[in-house]
$ cat final.cif   # mmCIF, C-alpha atoms and all ligand atoms
data_work
loop_
_atom_site.label_atom_id
_atom_site.label_comp_id
_atom_site.auth_asym_id
_atom_site.auth_seq_id
_atom_site.Cartn_x
_atom_site.Cartn_y
_atom_site.Cartn_z
CA MET A 1 0.00 0.00 0.00
CA GLU A 2 1.16 3.52 -0.83
CA LYS A 3 2.32 5.58 2.13
CA ILE A 4 -0.20 8.21 3.18
CA ASP A 5 0.93 11.78 2.65
CA PHE A 6 0.51 13.77 5.85
CA ASP A 7 3.34 16.13 4.83
CA THR A 8 1.55 18.18 2.19
CA LEU A 9 -0.57 21.06 3.43
CA PRO A 10 -3.93 21.04 1.62
CA GLN A 11 -5.33 24.37 0.39
CA ARG A 12 -7.68 25.41 3.19
CA ARG A 13 -7.81 29.20 2.91
CA GLY A 14 -10.90 30.36 1.08
CA THR A 15 -12.85 27.15 1.82
CA ALA A 16 -15.09 28.69 4.52
CA CYS A 17 -13.11 26.82 7.16
CA VAL A 18 -12.99 28.12 10.72
CA LYS A 19 -9.32 27.34 11.35
CA TRP A 20 -7.78 29.31 8.48
CA ASP A 21 -10.44 31.69 7.26
CA VAL A 22 -10.88 33.64 10.50
CA LEU A 23 -7.27 34.79 10.25
CA SER A 24 -6.81 38.41 9.39
CA ASP A 25 -3.84 37.91 7.06
CA GLY A 26 -2.30 35.39 4.70
CA GLU A 27 0.74 34.86 6.89
CA THR A 28 -0.52 33.56 10.26
CA LEU A 29 -0.21 29.84 10.98
CA PRO A 30 -3.24 28.44 12.85
CA LEU A 31 -2.67 25.78 15.52
CA TRP A 32 -5.92 26.29 17.36
CA VAL A 33 -9.38 24.82 16.61
CA ALA A 34 -9.44 21.00 16.71
CA ASP A 35 -9.46 19.83 13.13
CA MET A 36 -6.55 18.51 11.10
CA ASP A 37 -4.66 19.95 8.13
CA PHE A 38 -4.73 16.55 6.41
CA ARG A 39 -6.89 15.22 3.60
CA ALA A 40 -9.45 12.61 4.66
CA PRO A 41 -8.77 8.95 3.66
CA PRO A 42 -9.02 8.34 -0.12
CA GLU A 43 -11.86 5.79 0.31
CA ILE A 44 -14.01 8.50 1.86
CA ILE A 45 -13.16 11.01 -0.84
CA SER A 46 -14.11 8.60 -3.64
CA ALA A 47 -17.36 7.53 -1.94
CA LEU A 48 -18.33 11.20 -1.63
CA HIS A 49 -17.42 11.79 -5.31
CA GLU A 50 -19.75 8.97 -6.30
CA ARG A 51 -22.57 10.38 -4.23
CA VAL A 52 -22.03 13.83 -5.77
CA ASP A 53 -22.13 12.27 -9.24
CA SER A 54 -25.55 10.78 -8.48
CA GLY A 55 -26.77 14.39 -8.54
CA VAL A 56 -29.56 13.73 -6.04
CA PHE A 57 -29.44 15.32 -2.59
CA GLY A 58 -32.82 14.74 -0.99
CA TYR A 59 -33.54 14.25 2.72
CA ALA A 60 -31.29 11.77 4.50
CA HIS A 61 -31.95 9.37 7.37
CA ALA A 62 -29.65 7.17 9.45
CA PRO A 63 -29.56 3.86 7.54
CA GLU A 64 -29.19 0.57 9.42
CA SER A 65 -25.90 0.05 7.53
CA TRP A 66 -24.50 3.18 9.23
CA ARG A 67 -25.58 1.90 12.65
CA GLN A 68 -23.99 -1.45 11.92
CA SER A 69 -20.72 0.00 10.72
CA LEU A 70 -20.38 1.92 14.00
CA ALA A 71 -21.32 -1.19 16.03
CA HIS A 72 -18.63 -3.20 14.19
CA TRP A 73 -16.04 -0.51 14.75
CA LEU A 74 -16.75 -0.37 18.48
CA ALA A 75 -16.62 -4.16 18.77
CA LEU A 76 -13.48 -4.67 16.69
CA ARG A 77 -11.48 -1.66 17.72
CA HIS A 78 -12.60 -1.19 21.32
CA GLY A 79 -14.06 -4.56 22.39
CA TRP A 80 -17.41 -2.95 23.16
CA THR A 81 -20.65 -4.64 22.04
CA ILE A 82 -23.68 -2.44 21.49
CA ASP A 83 -27.20 -2.86 20.17
CA THR A 84 -27.74 -0.65 17.10
CA LYS A 85 -31.10 0.41 18.60
CA TRP A 86 -29.16 2.34 21.24
CA LEU A 87 -27.88 4.94 18.76
CA VAL A 88 -29.35 8.44 18.71
CA GLU A 89 -27.93 10.28 15.72
CA THR A 90 -27.28 14.01 15.86
CA THR A 91 -25.30 16.74 14.15
CA GLY A 92 -22.53 16.84 16.77
CA VAL A 93 -21.37 15.82 20.21
CA LEU A 94 -22.07 19.29 21.58
CA ARG A 95 -25.67 18.89 20.38
CA SER A 96 -25.91 15.64 22.38
CA LEU A 97 -24.60 17.51 25.40
CA GLY A 98 -27.18 20.27 24.90
CA ALA A 99 -30.00 17.73 24.60
CA ALA A 100 -28.82 15.93 27.77
CA LEU A 101 -28.77 19.22 29.70
CA ASN A 102 -32.38 19.81 28.65
CA VAL A 103 -33.36 16.26 29.63
CA PHE A 104 -31.65 16.13 33.04
CA CYS A 105 -31.44 19.69 34.35
CA ALA A 106 -35.11 20.65 34.56
CA ASN A 107 -35.03 22.63 37.82
CA LYS A 108 -33.37 25.90 38.71
CA ASP A 109 -29.90 25.26 40.19
CA ASP A 110 -29.61 21.82 38.58
CA GLY A 111 -26.27 21.33 36.95
CA ILE A 112 -23.39 19.28 35.66
CA ILE A 113 -20.01 18.31 37.08
CA LEU A 114 -17.05 18.98 34.82
CA GLN A 115 -13.36 18.37 35.42
CA THR A 116 -11.17 21.39 34.66
CA PRO A 117 -9.26 22.45 32.68
CA ALA A 118 -12.07 21.61 30.25
CA TYR A 119 -12.78 21.79 26.53
CA CYS A 120 -14.12 25.29 25.85
CA GLY A 121 -17.08 24.01 23.77
CA PHE A 122 -18.45 22.29 26.89
CA LEU A 123 -18.20 25.53 28.85
CA GLU A 124 -20.07 27.45 26.16
CA VAL A 125 -22.93 24.94 25.90
CA ILE A 126 -23.28 24.73 29.70
CA HIS A 127 -23.29 28.52 29.95
CA ASP A 128 -25.78 28.94 27.09
CA HIS A 129 -28.20 26.47 28.70
CA GLY A 130 -28.03 28.41 31.97
CA VAL A 131 -27.38 25.30 34.08
CA LYS A 132 -25.07 25.25 37.06
CA LEU A 133 -21.45 24.26 36.56
CA PHE A 134 -19.93 22.14 39.33
CA GLU A 135 -16.23 22.49 38.69
CA SER A 136 -13.97 19.66 39.82
CA PRO A 137 -10.33 20.56 39.13
CA LEU A 138 -7.98 17.83 37.97
CA ARG A 139 -4.86 17.39 40.08
CA ARG A 140 -1.47 18.00 38.53
CA VAL A 141 0.91 15.07 39.01
CA THR A 142 4.31 13.97 37.76
CA SER A 143 4.63 12.62 34.25
CA HIS A 144 3.84 8.96 33.53
CA GLY A 145 4.69 9.28 29.84
CA GLU A 146 6.86 11.30 27.49
CA GLY A 147 6.01 14.81 28.69
CA ASP A 148 6.88 16.89 31.77
CA PHE A 149 3.73 16.50 33.89
CA SER A 150 0.25 15.02 33.84
CA TYR A 151 -3.11 15.04 35.60
CA GLU A 152 -5.26 12.75 37.70
CA MET A 153 -8.83 12.94 38.92
CA ASP A 154 -9.52 14.26 42.41
CA PHE A 155 -11.97 11.62 43.63
CA ASP A 156 -12.59 13.28 47.02
CA ASP A 157 -13.61 16.45 45.26
CA LEU A 158 -15.72 14.52 42.76
CA GLU A 159 -17.54 12.80 45.63
CA ARG A 160 -18.23 16.17 47.28
CA LYS A 161 -19.59 17.66 44.06
CA ALA A 162 -21.66 14.54 43.27
CA SER A 163 -23.26 14.62 46.72
CA ASP A 164 -24.97 17.95 45.92
CA PRO A 165 -28.60 17.01 45.08
CA HIS A 166 -28.53 19.52 42.20
CA ALA A 167 -25.61 17.74 40.51
CA LYS A 168 -27.56 15.70 37.94
CA LEU A 169 -24.85 14.91 35.41
CA PHE A 170 -21.13 14.23 35.25
CA LEU A 171 -19.46 15.01 31.94
CA LEU A 172 -16.50 12.69 31.55
CA CYS A 173 -14.06 13.65 28.82
CA ASN A 174 -12.57 10.28 27.88
CA PRO A 175 -9.82 10.79 26.72
CA HIS A 176 -9.40 14.28 28.11
CA ASN A 177 -9.12 17.46 26.06
CA PRO A 178 -7.00 19.46 26.92
CA ALA A 179 -5.24 17.47 29.69
CA GLY A 180 -4.24 14.71 27.23
CA ARG A 181 -5.11 11.87 29.62
CA THR A 182 -6.31 8.41 28.65
CA TRP A 183 -8.22 7.26 31.74
CA SER A 184 -7.48 3.79 33.11
CA ALA A 185 -10.14 1.16 33.86
CA ASP A 186 -9.55 1.69 37.60
CA GLU A 187 -10.08 5.43 37.35
CA LEU A 188 -13.26 4.94 35.32
CA ARG A 189 -14.55 2.34 37.78
CA CYS A 190 -14.06 4.83 40.60
CA VAL A 191 -16.01 7.48 38.64
CA GLY A 192 -18.85 4.98 38.17
CA GLU A 193 -19.00 4.07 41.86
CA ILE A 194 -19.12 7.70 42.97
CA CYS A 195 -21.74 8.73 40.40
CA ARG A 196 -24.00 5.75 41.08
CA ARG A 197 -23.75 6.34 44.84
CA HIS A 198 -25.24 9.80 44.32
CA GLY A 199 -27.60 9.12 41.41
CA VAL A 200 -25.53 11.22 38.99
CA PHE A 201 -25.95 10.21 35.32
CA VAL A 202 -22.65 9.96 33.39
CA LEU A 203 -22.11 11.44 29.93
CA SER A 204 -18.92 9.97 28.50
CA ASP A 205 -17.60 12.03 25.59
CA GLU A 206 -15.35 9.65 23.64
CA ILE A 207 -14.91 11.72 20.48
CA HIS A 208 -11.08 11.47 20.77
CA ALA A 209 -11.10 7.76 21.72
CA ASP A 210 -9.55 6.52 18.46
CA LEU A 211 -6.69 9.00 18.68
CA GLN A 212 -4.54 7.15 21.21
CA MET A 213 -0.79 7.44 20.93
CA PRO A 214 0.67 4.21 19.48
CA GLY A 215 0.72 1.43 22.08
CA LEU A 216 -2.04 2.91 24.25
CA ARG A 217 -5.61 1.63 24.40
CA HIS A 218 -8.84 3.44 24.99
CA VAL A 219 -11.14 2.09 27.71
CA PRO A 220 -14.79 2.84 26.88
CA TYR A 221 -16.62 3.92 30.03
CA ALA A 222 -19.34 1.42 29.04
CA LYS A 223 -16.91 -1.45 29.56
CA VAL A 224 -16.37 -0.67 33.22
CA ALA A 225 -20.05 0.16 33.80
CA ASP A 226 -21.21 -3.19 32.50
CA GLY A 227 -24.50 -4.08 34.23
CA PHE A 228 -25.33 -0.42 34.93
CA GLU A 229 -26.40 0.52 31.39
CA ASP A 230 -29.23 2.74 32.64
CA THR A 231 -26.82 5.12 34.36
CA PHE A 232 -24.81 6.59 31.47
CA MET A 233 -24.54 7.30 27.77
CA THR A 234 -21.56 7.72 25.47
CA PHE A 235 -21.01 10.32 22.77
CA TRP A 236 -19.18 8.99 19.73
CA SER A 237 -18.20 10.31 16.32
CA ALA A 238 -15.87 9.63 13.39
CA THR A 239 -15.36 13.33 12.84
CA LYS A 240 -12.19 13.95 14.89
CA THR A 241 -10.60 10.64 13.92
CA PHE A 242 -11.02 11.04 10.16
CA ASN A 243 -11.21 14.85 9.89
CA LEU A 244 -14.88 15.10 8.95
CA ALA A 245 -16.10 17.74 11.43
CA GLY A 246 -17.71 19.90 8.74
CA LEU A 247 -20.01 17.00 7.82
CA HIS A 248 -21.77 17.18 11.21
CA VAL A 249 -22.51 13.60 12.15
CA SER A 250 -22.32 11.85 15.52
CA ALA A 251 -24.23 9.52 17.81
CA ALA A 252 -25.12 9.14 21.45
CA VAL A 253 -24.98 5.47 22.46
CA CYS A 254 -27.72 5.16 25.06
CA ALA A 255 -29.04 1.86 26.42
CA ASN A 256 -31.61 3.53 28.69
CA PRO A 257 -34.84 3.58 26.61
CA LYS A 258 -36.49 6.45 28.51
CA VAL A 259 -33.46 8.69 28.26
CA ARG A 260 -33.05 7.74 24.59
CA GLU A 261 -36.61 8.75 23.74
CA ARG A 262 -36.22 12.04 25.60
CA MET A 263 -32.95 12.73 23.78
CA ARG A 264 -34.70 12.08 20.43
CA ARG A 265 -37.48 14.43 21.40
CA MET A 266 -35.02 17.19 22.29
CA HIS A 267 -33.27 16.76 18.95
CA SER A 268 -36.60 16.93 17.20
CA ILE A 269 -37.58 20.14 19.04
CA HIS A 270 -34.24 21.79 18.32
CA GLY A 271 -33.74 20.45 14.79
CA THR A 272 -30.51 18.72 15.74
CA GLY A 273 -31.62 15.22 14.72
CA TYR A 274 -31.66 15.94 10.98
CA LEU A 275 -28.35 15.14 9.33
CA ASN A 276 -26.96 15.31 5.82
CA THR A 277 -26.37 12.51 3.37
CA PHE A 278 -22.60 13.08 3.20
CA GLY A 279 -22.10 12.65 6.95
CA PHE A 280 -23.68 9.19 7.10
CA LEU A 281 -21.80 8.05 4.02
CA ALA A 282 -18.39 9.38 5.06
CA SER A 283 -18.55 7.97 8.58
CA SER A 284 -19.74 4.53 7.38
CA VAL A 285 -16.85 4.32 4.91
CA ALA A 286 -14.43 5.48 7.61
CA TRP A 287 -15.49 2.72 10.02
CA GLU A 288 -15.63 0.05 7.34
CA LYS A 289 -12.47 0.76 5.35
CA CYS A 290 -10.14 3.24 6.98
CA ALA A 291 -8.62 1.59 10.08
CA TYR A 292 -5.26 1.34 8.26
CA TRP A 293 -5.28 5.12 7.66
CA LEU A 294 -5.94 5.79 11.34
CA ASP A 295 -2.97 3.66 12.37
CA GLU A 296 -0.67 5.67 10.11
CA LEU A 297 -2.16 8.90 11.37
CA ARG A 298 -1.47 7.92 14.98
CA THR A 299 2.18 7.23 14.15
CA TYR A 300 2.49 10.59 12.38
CA LEU A 301 0.85 12.49 15.24
CA HIS A 302 3.15 10.80 17.73
CA GLY A 303 6.12 11.92 15.60
CA ASN A 304 4.79 15.47 15.70
CA TYR A 305 4.42 15.31 19.47
CA LEU A 306 7.98 14.05 19.94
CA ALA A 307 9.40 16.72 17.60
CA PHE A 308 7.44 19.38 19.47
CA LEU A 309 8.60 18.10 22.86
CA LYS A 310 12.25 18.08 21.76
CA PHE A 311 11.96 21.61 20.39
CA VAL A 312 10.37 22.97 23.56
CA ARG A 313 12.92 21.25 25.82
CA GLU A 314 15.89 22.54 23.84
CA ARG A 315 14.70 26.01 22.95
CA LEU A 316 12.04 27.02 25.50
CA PRO A 317 13.21 25.56 28.82
CA ARG A 318 10.70 27.59 30.85
CA VAL A 319 7.77 26.01 29.06
CA HIS A 320 6.50 22.59 30.23
CA VAL A 321 4.52 20.12 28.17
CA ALA A 322 1.82 17.76 29.51
CA ASP A 323 1.95 14.06 28.68
CA LEU A 324 -0.10 13.35 25.58
CA ASP A 325 -1.68 9.91 25.90
CA ALA A 326 -4.34 10.71 23.31
CA THR A 327 -5.78 13.51 21.11
CA TYR A 328 -3.60 15.77 18.97
CA LEU A 329 -3.89 18.70 21.36
CA ALA A 330 -0.79 19.55 23.39
CA TRP A 331 -1.21 21.42 26.70
CA LEU A 332 1.64 23.76 27.64
CA ASP A 333 2.37 25.32 30.99
CA VAL A 334 3.76 28.79 30.22
CA THR A 335 3.36 30.20 33.76
CA GLU A 336 7.12 30.81 34.11
CA LEU A 337 6.96 33.30 31.23
CA GLY A 338 5.16 35.62 33.66
CA VAL A 339 2.32 36.70 31.40
CA SER A 340 -1.37 35.76 31.21
CA SER A 341 -2.38 33.14 28.67
CA ARG A 342 -4.75 35.63 27.03
CA GLU A 343 -2.02 38.25 26.53
CA LEU A 344 0.54 35.70 25.38
CA ALA A 345 -1.83 34.15 22.82
CA GLN A 346 -2.80 37.58 21.55
CA ARG A 347 0.81 38.71 21.13
CA LEU A 348 1.80 35.42 19.51
CA GLU A 349 -0.99 35.95 17.01
CA THR A 350 -0.28 39.58 16.17
CA GLU A 351 3.52 39.65 16.55
CA ALA A 352 4.71 36.07 15.88
CA LYS A 353 1.87 35.24 13.43
CA VAL A 354 0.91 31.97 15.12
CA LYS A 355 -2.61 31.40 16.44
CA LEU A 356 -2.86 29.18 19.54
CA SER A 357 -5.64 28.74 22.10
CA PRO A 358 -5.20 30.58 25.43
CA GLY A 359 -5.67 28.49 28.59
CA ASP A 360 -8.25 30.84 30.07
CA MET A 361 -10.76 29.51 27.51
CA PHE A 362 -10.41 26.11 29.21
CA LEU A 363 -10.62 27.34 32.82
CA GLU A 364 -6.90 26.97 33.52
CA PRO A 365 -6.03 27.10 37.27
CA LYS A 366 -6.09 30.62 38.72
CA GLY A 367 -2.68 32.33 38.69
CA GLU A 368 -1.27 29.93 36.08
CA SER A 369 -0.97 30.28 32.30
CA PHE A 370 -1.42 27.61 29.66
CA LEU A 371 -1.63 27.37 25.90
CA ARG A 372 -3.22 24.62 23.84
CA VAL A 373 -1.46 23.67 20.60
CA ASN A 374 -3.08 21.67 17.79
CA LEU A 375 -0.37 19.30 16.50
CA ALA A 376 -2.38 17.91 13.55
CA SER A 377 -0.60 19.71 10.72
CA PRO A 378 2.30 18.78 8.41
CA ARG A 379 5.46 18.62 10.54
CA SER A 380 7.23 21.34 8.52
CA MET A 381 4.40 23.77 9.24
CA LEU A 382 4.53 22.92 12.95
CA MET A 383 8.28 23.47 13.10
CA GLU A 384 7.92 26.81 11.32
CA ALA A 385 5.22 27.83 13.83
CA PHE A 386 7.34 26.82 16.87
CA GLU A 387 10.33 28.67 15.48
CA ARG A 388 8.24 31.81 15.12
CA CYS A 389 7.04 31.41 18.73
CA GLU A 390 10.57 30.90 20.00
CA ARG A 391 11.91 33.95 18.10
CA PHE A 392 9.13 36.06 19.59
CA ILE A 393 9.51 34.76 23.16
CA THR A 394 13.31 35.07 23.27
CA GLY A 395 13.34 38.39 21.35
CA SER A 396 10.71 40.18 23.44
CA ALA A 397 10.61 41.08 27.12
CA ILE A 398 8.40 38.04 27.75
CA GLY A 399 10.04 35.54 30.03
CA ALA A 400 13.12 37.74 30.56
C1 LIG B 501 -13.85 16.68 23.74
C2 LIG B 501 -14.64 17.25 22.61
N1 LIG B 501 -15.95 17.03 22.54
C3 LIG B 501 -16.70 17.53 21.53
C4 LIG B 501 -16.14 18.31 20.53
C5 LIG B 501 -17.00 18.88 19.46
O1 LIG B 501 -17.70 17.88 18.83
P1 LIG B 501 -18.79 18.17 17.71
O2 LIG B 501 -18.13 18.96 16.64
O3 LIG B 501 -19.23 16.82 17.28
O4 LIG B 501 -19.91 18.95 18.39
C6 LIG B 501 -14.76 18.56 20.57
C7 LIG B 501 -14.13 19.37 19.53
O5 LIG B 501 -13.00 19.77 19.63
C8 LIG B 501 -14.00 18.02 21.63
O6 LIG B 501 -12.68 18.23 21.72
#
$ encode --input "final.cif" --output "structure tokens"
Amino acid sequence: MEKIDFDTLPQRRGTACVKWDVLSDGETLPLWVADMDFRAPPEIISALHERVDSGVFGYAHAPESWRQSLAHWLALRHGWTIDTKWLVETTGVLRSLGAALNVFCANKDDGIILQTPAYCGFLEVIHDHGVKLFESPLRRVTSHGEGDFSYEMDFDDLERKASDPHAKLFLLCNPHNPAGRTWSADELRCVGEICRRHGVFVLSDEIHADLQMPGLRHVPYAKVADGFEDTFMTFWSATKTFNLAGLHVSAAVCANPKVRERMRRMHSIHGTGYLNTFGFLASSVAWEKCAYWLDELRTYLHGNYLAFLKFVRERLPRVHVADLDATYLAWLDVTELGVSSRELAQRLETEAKVKLSPGDMFLEPKGESFLRVNLASPRSMLMEAFERCERFITGSAIGA
């Protein structure tokens, strides 16, 4: 088989894409929003071409073949057996989260527990729904992998938050964006015990599950909650794994029939249960034919992470990089540079011409500064971006 080309930057400017087209100039390199600067697998591209050539684009529905391709993927890749009836299709994981907030947080002061730092999209949806946020900070610990530090869950704090009668949901980010953690079976078991003790329903967002670093394995929350199927649901999608986010397709895997029906109803009310024909097709082909592509992608992303780590250690010794077990999103501690994450990100964008995500968007710990870096670009572009950052940091008063 021909080697996949992850080294050529596809033309993205002028394609109505968020990552590149919000930039104010033609010079800035974007390492922010979580999609990849790689072409999707060729099998997906040719299936989409064929569908375009049919020339017919009427209403779409979730075909049984799509449900089955996801069920096969979960069984083969993750050892998790599901019933295809459990799937509730929707236009995105954040839409599943929104529907779940409507289903579970009916009363004033009801809310959701979230471990911070947390993916900014969660924070926006929670804020927009006006539900209470129960923040449970992750604990910083020494590295267990290739980086400089890592995180673990604070189970005492989680128990305290879960014991509040208004805490209706726990949003588990598995694996965690931006902390980079792949949770172990023991950690997930502990989450389950605490949440069940207090009647808290678990939402397990596993959108990054396939993107483990080589050698690591994802543990679906469902596998450790076997026998307690009524107490959780899982959000799944092919869109991060195969770079299909603009096709808006995902599923909640929910064995609890009452919750499932209420989720469907919410999607119907809000129009988030109607998908497009390309999304179903692309994700089916991904799950059926593109496992080989994913394995090469994981190797390439790991190479990017190692190159990034080496660069930061040699050239930016006051910056510290979190272990990256999974995802392509590196989390950098820049506190020693003595500037807020917001200011640093802004200056990097305007003066160094590199767009990164500031840690305050993710509820970084108070008094500390972080940046999130999207590593899913051709390595040469990443190196160019890091060099620009280094020139700016060493050439300006920052970190002096
Ligand atoms: C953890 C996590 N969940 C959900 C999403 C968004 O998913 P969707 O585009 O399906 O709403 C992202 C996107 O970056 C993410 O990182």
$ residues_near_ligand --input "final.cif" --ligand "ligand LIG 501 (chain B)" --cutoff "8 Å" --atoms "all atoms listed in the file" --output "PyMOL selection string"
chain A and resi 33-35+91-96+119+121-122+173-178+205-208+237+239-240+245-246+248-250
$ atom_distance --input "final.cif" --atom1 "CA of Arg372 (chain A)" --atom2 "CA of Ala330 (chain A)"
5.6 Å
$ closest_residue --input "final.cif" --among "A:Ala225, A:Val312, A:Leu275, A:Leu332" --to "Glu387 (chain A)" --atoms "all atoms listed in the file"
A:Val312
$ closest_residue --input "final.cif" --among "A:Tyr328, A:Tyr292, A:Trp66, A:Phe170" --to "Phe278 (chain A)" --atoms "only C-alpha atoms"
A:Trp66
$ residues_around --input "final.cif" --residues "Ser357 (chain A)" --least-positions-apart "2" --cutoff "10 Å" --atoms "only C-alpha atoms" --output "ChimeraX atom specification"
/A:30-33,120,331,341-342,344-346,349,355,359-362,370-374
$ write_last_selection --input "final.cif" --atoms "C-alpha atoms" --output "mmCIF file, keeping the file's coordinate frame"
data_model
loop_
_atom_site.group_PDB
_atom_site.id
_atom_site.type_symbol
_atom_site.label_atom_id
_atom_site.label_comp_id
_atom_site.auth_asym_id
_atom_site.auth_seq_id
_atom_site.Cartn_x
_atom_site.Cartn_y
_atom_site.Cartn_z
ATOM 1 C CA PRO A 30 -3.240 28.440 12.850
ATOM 2 C CA LEU A 31 -2.670 25.780 15.520
ATOM 3 C CA TRP A 32 -5.920 26.290 17.360
ATOM 4 C CA VAL A 33 -9.380 24.820 16.610
ATOM 5 C CA CYS A 120 -14.120 25.290 25.850
ATOM 6 C CA TRP A 331 -1.210 21.420 26.700
ATOM 7 C CA SER A 341 -2.380 33.140 28.670
ATOM 8 C CA ARG A 342 -4.750 35.630 27.030
ATOM 9 C CA LEU A 344 0.540 35.700 25.380
ATOM 10 C CA ALA A 345 -1.830 34.150 22.820
ATOM 11 C CA GLN A 346 -2.800 37.580 21.550
ATOM 12 C CA GLU A 349 -0.990 35.950 17.010
ATOM 13 C CA LYS A 355 -2.610 31.400 16.440
ATOM 14 C CA GLY A 359 -5.670 28.490 28.590
ATOM 15 C CA ASP A 360 -8.250 30.840 30.070
ATOM 16 C CA MET A 361 -10.760 29.510 27.510
ATOM 17 C CA PHE A 362 -10.410 26.110 29.210
ATOM 18 C CA PHE A 370 -1.420 27.610 29.660
ATOM 19 C CA LEU A 371 -1.630 27.370 25.900
ATOM 20 C CA ARG A 372 -3.220 24.620 23.840
ATOM 21 C CA VAL A 373 -1.460 23.670 20.600
ATOM 22 C CA ASN A 374 -3.080 21.670 17.790
#
$ atom_distance --input "final.cif" --atom1 "CA of Ser54 (chain A)" --atom2 "CA of Pro42 (chain A)"
18.7 Å
$ closest_residue --input "final.cif" --among "A:Leu188, A:Pro214, A:Asn107, A:Ser150" --to "Lys168 (chain A)" --atoms "only C-alpha atoms"
A:Asn107
$ atom_distance --input "final.cif" --atom1 "CA of Asp128 (chain A)" --atom2 "CA of His166 (chain A)"
18.0 Å
$ closest_residue --input "final.cif" --among "A:Gly58, A:Pro365, A:Pro10, A:Gly26" --to "Ala40 (chain A)" --atoms "all atoms listed in the file"
A:Pro10
$ residues_around --input "final.cif" --residues "Ser377 (chain A)" --least-positions-apart "6" --cutoff "9 Å" --atoms "only C-alpha atoms" --output "number ranges by chain"
A: 6-9, 31, 36-38, 301, 304
$ closest_residue --input "final.cif" --among "A:Leu337, A:Leu158, A:Val88, A:Ala100" --to "Pro257 (chain A)" --atoms "only C-alpha atoms"
A:Val88
